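Written below as structure tokens is the structure these notes are about.
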Amino acid sequence: MKKSVIICFLFLLTFFYSCSFTPQNTEIDTIISKSKNKAINTSNLLGINHAHCWYRDKLDVALTGIRSWGANSVRIVLACGKRWTEIPASEVSNIIALSKTKGFSAIILEVHDTTGYGEEGAAASLSEAADYWIRIKNSLIGQEDFVIINIGNEPYGNANYQNWTRDTTNAIKKLRDAGFTHTIMVDAPNWGQDWSFTMRDNAELVFNSDPQKNIVFSIHMYGVFDTVAEITNYYEYFKKKGLPLYIGEFGYNHSDGNPDEEAIVKYAKQYGYGYAGWSWCGNGGGVEYLDMVYNWDANNPSQWGSWYKVNALNINSSSSSSSTSISSSSSISVNSSSSSISSSSSSV
């Protein structure tokens, strides 16, 4: 009698113990299940921008040089054919394959034709950029764990940017409806700098509009972000909301002001945000000072490149390794040119 009671007691104890530790269908399980979408964590992506669509013959030398500096990612400029020659699917496949051979952890592909839409008359809309991604879909399917689709660069200038939320959610929907499960990156309006806080204040709505919850927000930091407070306040907002943020472009100087590159990098590391400085080489129209190297030579860095290599990529160098900001001796104006990377805007 006593033995049977003990056995029964042990059985019940084991049953209740196992039930109490059985995973439940909680929000955590839902988040874990979404990992099947192969969401790419951008928090550890430290990279450099490369202006491929204007320098298509420099791909190998640029990727080799950028990787040699220790960057684990690269943001690559493409074009959808609205302002610049469309980069075809076959070329995109080559970009992806070559980037993999160089050892990058992930790459960001962006359509540059959208730059300044609403203010720049020749710019493409986000819908037109989404159509481009759909046209080259075959080159992207199967690359979900390596390629981030940055729908369109700086998709609004300083006019009509109030439509950013609607146009961004519609572009995301168009891509999801077409079968894309990639991590999607969306740029801020106001030439990427979001001085109106349109992206910041609507980021949660945009994120939740995506059934896959696989969206990363990209801010470009130039003259608007010239103080520690402006930088950390922006970072803090996204951190409190639990929304992914990436600094898709920034420099050490610009026509609209002197961004605090030291604070941008320092606090991005503290908050856990990845970033990509602008840009490897080939700038024109008055912003040549944003070239990180001269003549596409990784061993011939500019002042900006030397600083970035040491402070942003944490690579030791015989060059000056001061962690302080690069001082600018003069204000440099920007002249708009259809053949240059820069625009007449406050961003690149």
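Numbering starts fresh at 1 for the residues of each chain in the structure tokens, the chains themselves are lettered A, B, ... in the order given, and ligands are numbered from 1 as they appear.
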| Excluding same-chain residues fewer than 2 positions from Gly305 of chain A, what lies within 9 Å of it counting only C-alpha atoms, as JSON, numbers by chain? | {"A": [279, 280, 290, 291, 292, 293, 300, 301, 302, 303, 307, 308, 309, 310]}
| task | Rank A:Tyr235, A:Trp54, A:Trp191, A:Tyr273 by their smallest atom-to-atom distance to Glu154 of chain A, using only C-alpha atoms, and report the top residue only. | result | A:Trp191
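Picture a line from atom CA of Val111 of chain A to atom CA of Ala124 of chain A; it runs 9.2 Å.
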| message | as JSON, numbers by chain, please: the residues near Gly277 of chain A (cut-off 12 Å, only C-alpha atoms, same-chain neighbours under 3 positions excluded). | response | {"A": [45, 46, 47, 48, 49, 50, 51, 66, 71, 73, 74, 75, 76, 219, 220, 221, 222, 246, 247, 248, 249, 250, 251, 252, 253, 261, 264, 265, 274, 280, 281, 290, 291, 292, 304, 305, 307, 308, 309, 311, 312, 313, 348]}
| request: Name all residues at most 8 Å from Ile149 of chain A (count only C-alpha atoms; drop same-chain ones fewer than 2 positions away) and give them as a ChimeraX atom specification. | output: /A:108-110,147,151,182-185
| request: Pick out the residues sitting within 8 Å of Ala298 of chain A, and hand them over as a list of chain:residue names; count only C-alpha atoms, and ignore anything fewer than 6 positions along from it in its own chain. | output: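 What passes the distance filter is A:Gly65, A:Ile66, A:Ser68, A:Trp69.
When only C-alpha atoms are used to compute distances to Gln270 of chain A, the closest of the residues A:Glu91, A:Leu78, A:Lys240, A:Thr232 turns out to be A:Thr232.
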| Which polymer residues have any atom within 12 Å of an atom of Ile134 of chain A, counting only C-alpha atoms, with same-chain residues fewer than 3 positions away left out, as a PyMOL selection string? | chain A and resi 80+88-89+127-131+137-141+149+151+171-172+174-180
| query | DSSP says strand (DSSP E or B) for which residues of segment 10-252 of chain A? Put them as a PyMOL selection string? | reply | chain A and resi 46-50+73-78+106-111+147-150+184-187+215-221+245-250
File dump, residues just selected, N, CA and C atoms, as a compact mmCIF listing (two decimals), in the first residue's frame:
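Result saved to again.txt:
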```txt
# COMPACT_ATOMS: atom_id res chain seq x y z
N LEU A 46 29.51 46.73 -39.71
CA LEU A 46 30.32 47.94 -39.81
C LEU A 46 30.89 48.00 -41.22
N GLY A 47 30.45 48.99 -41.99
CA GLY A 47 30.82 48.98 -43.39
C GLY A 47 31.12 50.33 -43.99
N ILE A 48 31.16 50.33 -45.31
CA ILE A 48 31.48 51.51 -46.11
C ILE A 48 30.58 51.48 -47.35
N ASN A 49 30.18 52.66 -47.81
CA ASN A 49 29.41 52.76 -49.04
C ASN A 49 30.31 52.71 -50.27
N HIS A 50 29.81 52.05 -51.31
CA HIS A 50 30.53 52.02 -52.59
C HIS A 50 29.57 52.42 -53.71
N SER A 73 30.82 44.55 -43.91
CA SER A 73 29.67 44.75 -44.78
C SER A 73 29.97 45.90 -45.72
N VAL A 74 29.14 46.02 -46.75
CA VAL A 74 29.28 47.12 -47.70
C VAL A 74 27.89 47.48 -48.21
N ARG A 75 27.64 48.77 -48.33
CA ARG A 75 26.38 49.25 -48.90
C ARG A 75 26.67 49.69 -50.34
N ILE A 76 26.00 49.05 -51.28
CA ILE A 76 26.34 49.19 -52.69
C ILE A 76 25.23 49.94 -53.42
N VAL A 77 25.64 50.98 -54.15
CA VAL A 77 24.71 51.83 -54.89
C VAL A 77 24.34 51.17 -56.22
N LEU A 78 23.03 50.95 -56.41
CA LEU A 78 22.50 50.46 -57.68
C LEU A 78 21.63 51.55 -58.30
N ALA A 106 27.44 40.42 -44.70
CA ALA A 106 26.20 40.78 -45.38
C ALA A 106 26.46 42.01 -46.22
N ILE A 107 25.60 42.22 -47.22
CA ILE A 107 25.70 43.43 -48.02
C ILE A 107 24.33 44.11 -48.09
N ILE A 108 24.36 45.41 -48.28
CA ILE A 108 23.14 46.20 -48.44
C ILE A 108 23.11 46.72 -49.87
N LEU A 109 22.04 46.42 -50.58
CA LEU A 109 21.88 46.91 -51.94
C LEU A 109 20.82 48.00 -51.93
N GLU A 110 21.13 49.16 -52.52
CA GLU A 110 20.17 50.27 -52.51
C GLU A 110 19.98 50.85 -53.90
N VAL A 111 18.77 51.35 -54.17
CA VAL A 111 18.46 52.06 -55.41
C VAL A 111 18.64 53.55 -55.16
N VAL A 147 21.78 39.28 -48.26
CA VAL A 147 21.44 40.55 -48.90
C VAL A 147 20.31 41.26 -48.17
N ILE A 148 20.55 42.52 -47.84
CA ILE A 148 19.52 43.41 -47.32
C ILE A 148 19.06 44.30 -48.46
N ILE A 149 17.75 44.39 -48.65
CA ILE A 149 17.21 45.25 -49.71
C ILE A 149 16.88 46.61 -49.12
N ASN A 150 17.67 47.61 -49.49
CA ASN A 150 17.44 49.00 -49.10
C ASN A 150 16.59 49.62 -50.22
N ILE A 184 14.31 44.09 -45.09
CA ILE A 184 14.13 45.30 -45.89
C ILE A 184 14.58 46.50 -45.07
N MET A 185 15.40 47.34 -45.69
CA MET A 185 15.86 48.58 -45.05
C MET A 185 15.15 49.76 -45.71
N VAL A 186 14.70 50.69 -44.89
CA VAL A 186 14.03 51.88 -45.42
C VAL A 186 14.77 53.13 -44.94
N ASP A 187 15.02 54.04 -45.89
CA ASP A 187 15.71 55.29 -45.59
C ASP A 187 14.72 56.35 -45.11
N ILE A 215 12.02 44.66 -40.73
CA ILE A 215 12.33 45.98 -41.27
C ILE A 215 13.44 46.62 -40.44
N VAL A 216 14.38 47.29 -41.12
CA VAL A 216 15.43 48.07 -40.46
C VAL A 216 15.32 49.51 -40.96
N PHE A 217 15.40 50.45 -40.05
CA PHE A 217 15.30 51.87 -40.39
C PHE A 217 16.70 52.46 -40.54
N SER A 218 16.88 53.25 -41.60
CA SER A 218 18.20 53.80 -41.90
C SER A 218 18.17 55.32 -41.85
N ILE A 219 19.02 55.89 -41.01
CA ILE A 219 19.17 57.34 -40.90
C ILE A 219 20.52 57.74 -41.50
N HIS A 220 20.53 58.86 -42.23
CA HIS A 220 21.78 59.39 -42.77
C HIS A 220 22.15 60.62 -41.95
N MET A 221 23.39 60.67 -41.49
CA MET A 221 23.79 61.70 -40.55
C MET A 221 24.86 62.61 -41.14
N LEU A 245 17.72 50.13 -35.91
CA LEU A 245 18.20 51.35 -36.56
C LEU A 245 19.60 51.10 -37.12
N TYR A 246 19.86 51.70 -38.27
CA TYR A 246 21.17 51.58 -38.93
C TYR A 246 21.55 52.96 -39.46
N ILE A 247 22.81 53.32 -39.33
CA ILE A 247 23.27 54.59 -39.87
C ILE A 247 23.83 54.30 -41.26
N GLY A 248 22.98 54.53 -42.27
CA GLY A 248 23.29 54.12 -43.64
C GLY A 248 24.33 54.98 -44.33
N GLU A 249 24.46 56.23 -43.89
CA GLU A 249 25.49 57.13 -44.41
C GLU A 249 25.84 58.13 -43.32
N PHE A 250 27.09 58.55 -43.31
CA PHE A 250 27.51 59.71 -42.54
C PHE A 250 28.90 60.12 -43.00
```
| field | Contact residues around segment 61-64 of chain A with only C-alpha atoms at 7 Å, ignoring same-chain residues under 2 positions, as an NGL selection string | value | :A and (58-59 or 66-68 or 99 or 102 or 296)
| task | Using DSSP on the backbone coordinates, identify all residues within segment 8-174 of chain A classified as helix (DSSP H, G or I); present the result as a PyMOL selection string. | result | chain A and resi 8-20+27-37+52-54+56-68+89-102+112-114+126-135+137-140+161-174
| Length of the atom CA of Asn160 of chain A to atom CA of Gly118 of chain A vector [Å] |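 Atom-to-atom, atom CA of Asn160 of chain A to atom CA of Gly118 of chain A, that is 5.6 Å.
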| query | So what do you get for atom CA of Leu126 of chain A versus atom CA of Glu144 of chain A, distance-wise? | reply |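 Going from atom CA of Leu126 of chain A over to atom CA of Glu144 of chain A, I get 20.8 Å.
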